[in-house]
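Asks: My questions all concern the structure below.
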Amino acid sequence: MKKVGIIGVGEYLPEKILTNADLEKMVDTSDEWITTRTGIKERHLAAPGEASSDLAFKASVQALNNAKIKPEELELIIVATITGDMSFPSVSAILQNKLQAKKAVCFDISAACAGFVYGLSVAQQFISCGTYKNALVIGSEVLSSITDWQDRNTCVLFGDGAGAAVLSEVKSGGIISTYLGCDGSKAGILNLPAGGSRNPATHETVEKRMHFLKMQGNELFKIAVNTMTQAAETVLKQAGLTFSDVDLIIPHQANRRIIMAVAKKLGIPEERVYLNIERCGNMSSASTVTALCEAVQEGKVKKGDIILLDAFGAGLVWGACVIEW
Ligand code: UT7
């Protein structure tokens, strides 16, 4: 089996920034509540008409340049998203055309906030067994398009953005271990009720605001802490490593309190946890990959470092990955 690593990363965050002060004018909330309960100060919002493939394209161009790979060298594109441009075709097919990556096989993954880690794992299999040489894995979301801007329980939490990673065979290091999981019995805790085959769009679904994301946040909180802790423990054990070997943990950015509770349980000090939640909010599949990209760009990830990605989201799904950079 070939060793597979990330050889380039990129991100794109839309220009518009929505601050907690802006939200105070929209719903009954306060900067104090949002900051202390979530750790979020601001989030980026896509412009009207800007879709997931537009964000994915910009992040991908940066990642390909960073990896020094041309689009025509790509054989696989996987986009993790829950906010595709439309129900079909896939964002990855639309992106393939934008990039002119004509040789690439393309499909999307619906694994919510764990989508990027799921995508990494799938791409790794294709490359390690020799089916494809270069793959592009993206997390891209325009969550503002499914956010109920009248619901203070959810609208303060989410943001838009995209991150991309180019995967290829590497001589040393690379992905050491991945661990994925799912518990479909709790699918009702976080979902978007209408617009699919269960509740196709009608005047009634629109009037009942069923085309917006619904979340039982409080219930998710405890499950998120326990599941992310368990996923991190499992993937590290599989890798034959311990928490003292981890140079940086890059978790899904749903809530600063969740992340810090997980770090505490794992015995990982705060300075070894990467956060972009304060500036970006929760961007679902785009959170872990943009955080990874920023950590690399800021020089917080150096060659030989052990990094741990740890994500959890709607499904419920989870995924963790240990990488030697
Ligand atoms: O990314 C995928 C996975 N997602 C998650 O893992 C999210 C997990 N959940 C969370 O991060 C947190 O549960 C939230 C941030 C969503 C909520 O924080 P919480 O500490 O669990 O608050 P809560 O839902 O228990 O609500 C506490 C109070 C309620 O008021 P009462 O009933 O106690 O009077 C809410 O109505 O806070 C109220 N509240 C707000 N107040 C001001 C809820 N949202 C707001 C708000 N501003 N935006």
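Letters A, B, ... go to the chains of the structure tokens in the order shown; residues in each chain start at 1; ligands are counted from 1 in the same order.
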Give me the residues of region 199-311 of chain A that have any atom at most 8 Å from an atom of region 30-41 of chain A; for each, the nearest atom pair and the distance in Å, rounded to one decimal. Use only C-alpha atoms, sort by chain and number, and format it as a Markdown table.
Replies:
```
| residue | atom | partner | partner_atom | distance |
| --- | --- | --- | --- | --- |
| A:Ala254 | CA | A:Thr38 | CA | 7.7 |
| A:Asn255 | CA | A:Thr38 | CA | 4.7 |
| A:Arg256 | CA | A:Gly39 | CA | 5.1 |
| A:Arg257 | CA | A:Thr38 | CA | 6.5 |
| A:Ile277 | CA | A:Ile40 | CA | 5.7 |
| A:Glu278 | CA | A:Ile40 | CA | 4.1 |
| A:Arg279 | CA | A:Lys41 | CA | 6.1 |
| A:Cys280 | CA | A:Ile40 | CA | 7.4 |
| A:Gly281 | CA | A:Ile40 | CA | 5.5 |
```
Asks: For region 160-261 of chain A versus region 148-153 of chain A, which residues have an atom no more than 8 Å away, and what is each residue's nearest atom pair and distance in Å rounded to one decimal, using only C-alpha atoms, chain-then-number order, as a Markdown table?
Replies:
```
| residue | atom | partner | partner_atom | distance |
| --- | --- | --- | --- | --- |
| A:Arg209 | CA | A:Asp148 | CA | 7.6 |
| A:Phe212 | CA | A:Asp148 | CA | 5.4 |
| A:Leu213 | CA | A:Asp148 | CA | 7.0 |
| A:Gly217 | CA | A:Asn153 | CA | 7.9 |
```
Asks: Could you write those residues out with all heavy atoms, as a PDB file, in the first residue's frame?
Replies:
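What ended up in result-v2.pdb:
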```pdb
ATOM      1  N   ARG A 209     -41.374  27.145   7.544  1.00  0.00           N
ATOM      2  CA  ARG A 209     -39.916  27.360   7.674  1.00  0.00           C
ATOM      3  C   ARG A 209     -39.162  26.028   7.737  1.00  0.00           C
ATOM      4  O   ARG A 209     -38.180  25.893   8.464  1.00  0.00           O
ATOM      5  CB  ARG A 209     -39.600  28.235   8.900  1.00  0.00           C
ATOM      6  CG  ARG A 209     -40.425  29.502   8.976  1.00  0.00           C
ATOM      7  CD  ARG A 209     -40.019  30.444  10.069  1.00  0.00           C
ATOM      8  NE  ARG A 209     -38.802  31.174   9.762  1.00  0.00           N
ATOM      9  CZ  ARG A 209     -38.713  32.172   8.891  1.00  0.00           C
ATOM     10  NH1 ARG A 209     -39.770  32.576   8.212  1.00  0.00           N
ATOM     11  NH2 ARG A 209     -37.566  32.784   8.696  1.00  0.00           N
ATOM     12  N   PHE A 212     -35.232  25.336   6.538  1.00  0.00           N
ATOM     13  CA  PHE A 212     -34.094  25.796   7.329  1.00  0.00           C
ATOM     14  C   PHE A 212     -33.636  24.683   8.276  1.00  0.00           C
ATOM     15  O   PHE A 212     -34.436  23.850   8.715  1.00  0.00           O
ATOM     16  CB  PHE A 212     -34.487  27.025   8.165  1.00  0.00           C
ATOM     17  CG  PHE A 212     -34.849  28.220   7.336  1.00  0.00           C
ATOM     18  CD1 PHE A 212     -36.101  28.817   7.463  1.00  0.00           C
ATOM     19  CD2 PHE A 212     -33.946  28.748   6.417  1.00  0.00           C
ATOM     20  CE1 PHE A 212     -36.444  29.925   6.702  1.00  0.00           C
ATOM     21  CE2 PHE A 212     -34.279  29.858   5.654  1.00  0.00           C
ATOM     22  CZ  PHE A 212     -35.534  30.444   5.797  1.00  0.00           C
ATOM     23  N   LEU A 213     -32.349  24.755   8.585  1.00  0.00           N
ATOM     24  CA  LEU A 213     -31.725  23.797   9.520  1.00  0.00           C
ATOM     25  C   LEU A 213     -32.392  23.850  10.903  1.00  0.00           C
ATOM     26  O   LEU A 213     -32.684  24.930  11.414  1.00  0.00           O
ATOM     27  CB  LEU A 213     -30.271  24.208   9.573  1.00  0.00           C
ATOM     28  CG  LEU A 213     -29.228  23.709  10.518  1.00  0.00           C
ATOM     29  CD1 LEU A 213     -27.889  24.105   9.932  1.00  0.00           C
ATOM     30  CD2 LEU A 213     -29.386  24.280  11.892  1.00  0.00           C
ATOM     31  N   GLY A 217     -29.649  21.802  20.076  1.00  0.00           N
ATOM     32  CA  GLY A 217     -28.248  22.069  20.422  1.00  0.00           C
ATOM     33  C   GLY A 217     -27.815  21.483  21.743  1.00  0.00           C
ATOM     34  O   GLY A 217     -26.752  20.864  21.851  1.00  0.00           O
TER      35      GLY A 217
END
```
Asks: Write out as an NGL selection string the set of residues from region 126-294 of chain A that DSSP, computed on the backbone, places in alpha helix (DSSP H).
Replies: :A and (126-128 or 152-155 or 203-207 or 217-239 or 256-266 or 277-280 or 285-294)
Asks: Go through A:Lys25, A:Lys303, A:Lys171, A:Lys16 one by one, measure the shortest atom-to-atom distance of each to ligand 1 using only C-alpha atoms and all ligand atoms, and give the residue with the smallest value.
Replies: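 So, comparing all the options, the nearest one is A:Lys25.
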Asks: Could you tell me how far atom 43 (C, counted along the ligand's line) of ligand 1 lies from CA of Ile146 (chain A), in Å and to one decimal?
Replies: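 Between these atoms lies a distance of 18.1 Å.
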Asks: When DSSP is applied to the backbone of this structure, which of region 48-173 of chain A are assigned strand (DSSP E or B)? Write them out as a PyMOL selection string.
Replies: chain A and resi 76-80+105-109+135-142+158+160-169
Asks: When you count only C-alpha atoms and all ligand atoms, which of these residues is closest to ligand 1: A:Ala63, A:Met26, A:Cys321, A:Met1?
Replies: A:Met26
Asks: Counting only C-alpha atoms, what is within 12 Å of Phe312 (chain A), bar same-chain residues fewer than 2 positions away, as a ChimeraX atom specification?
Replies: /A:111-118,179-183,190,220-232,251-255,258-259,262,282,284-285,287-288,309-310,314-320
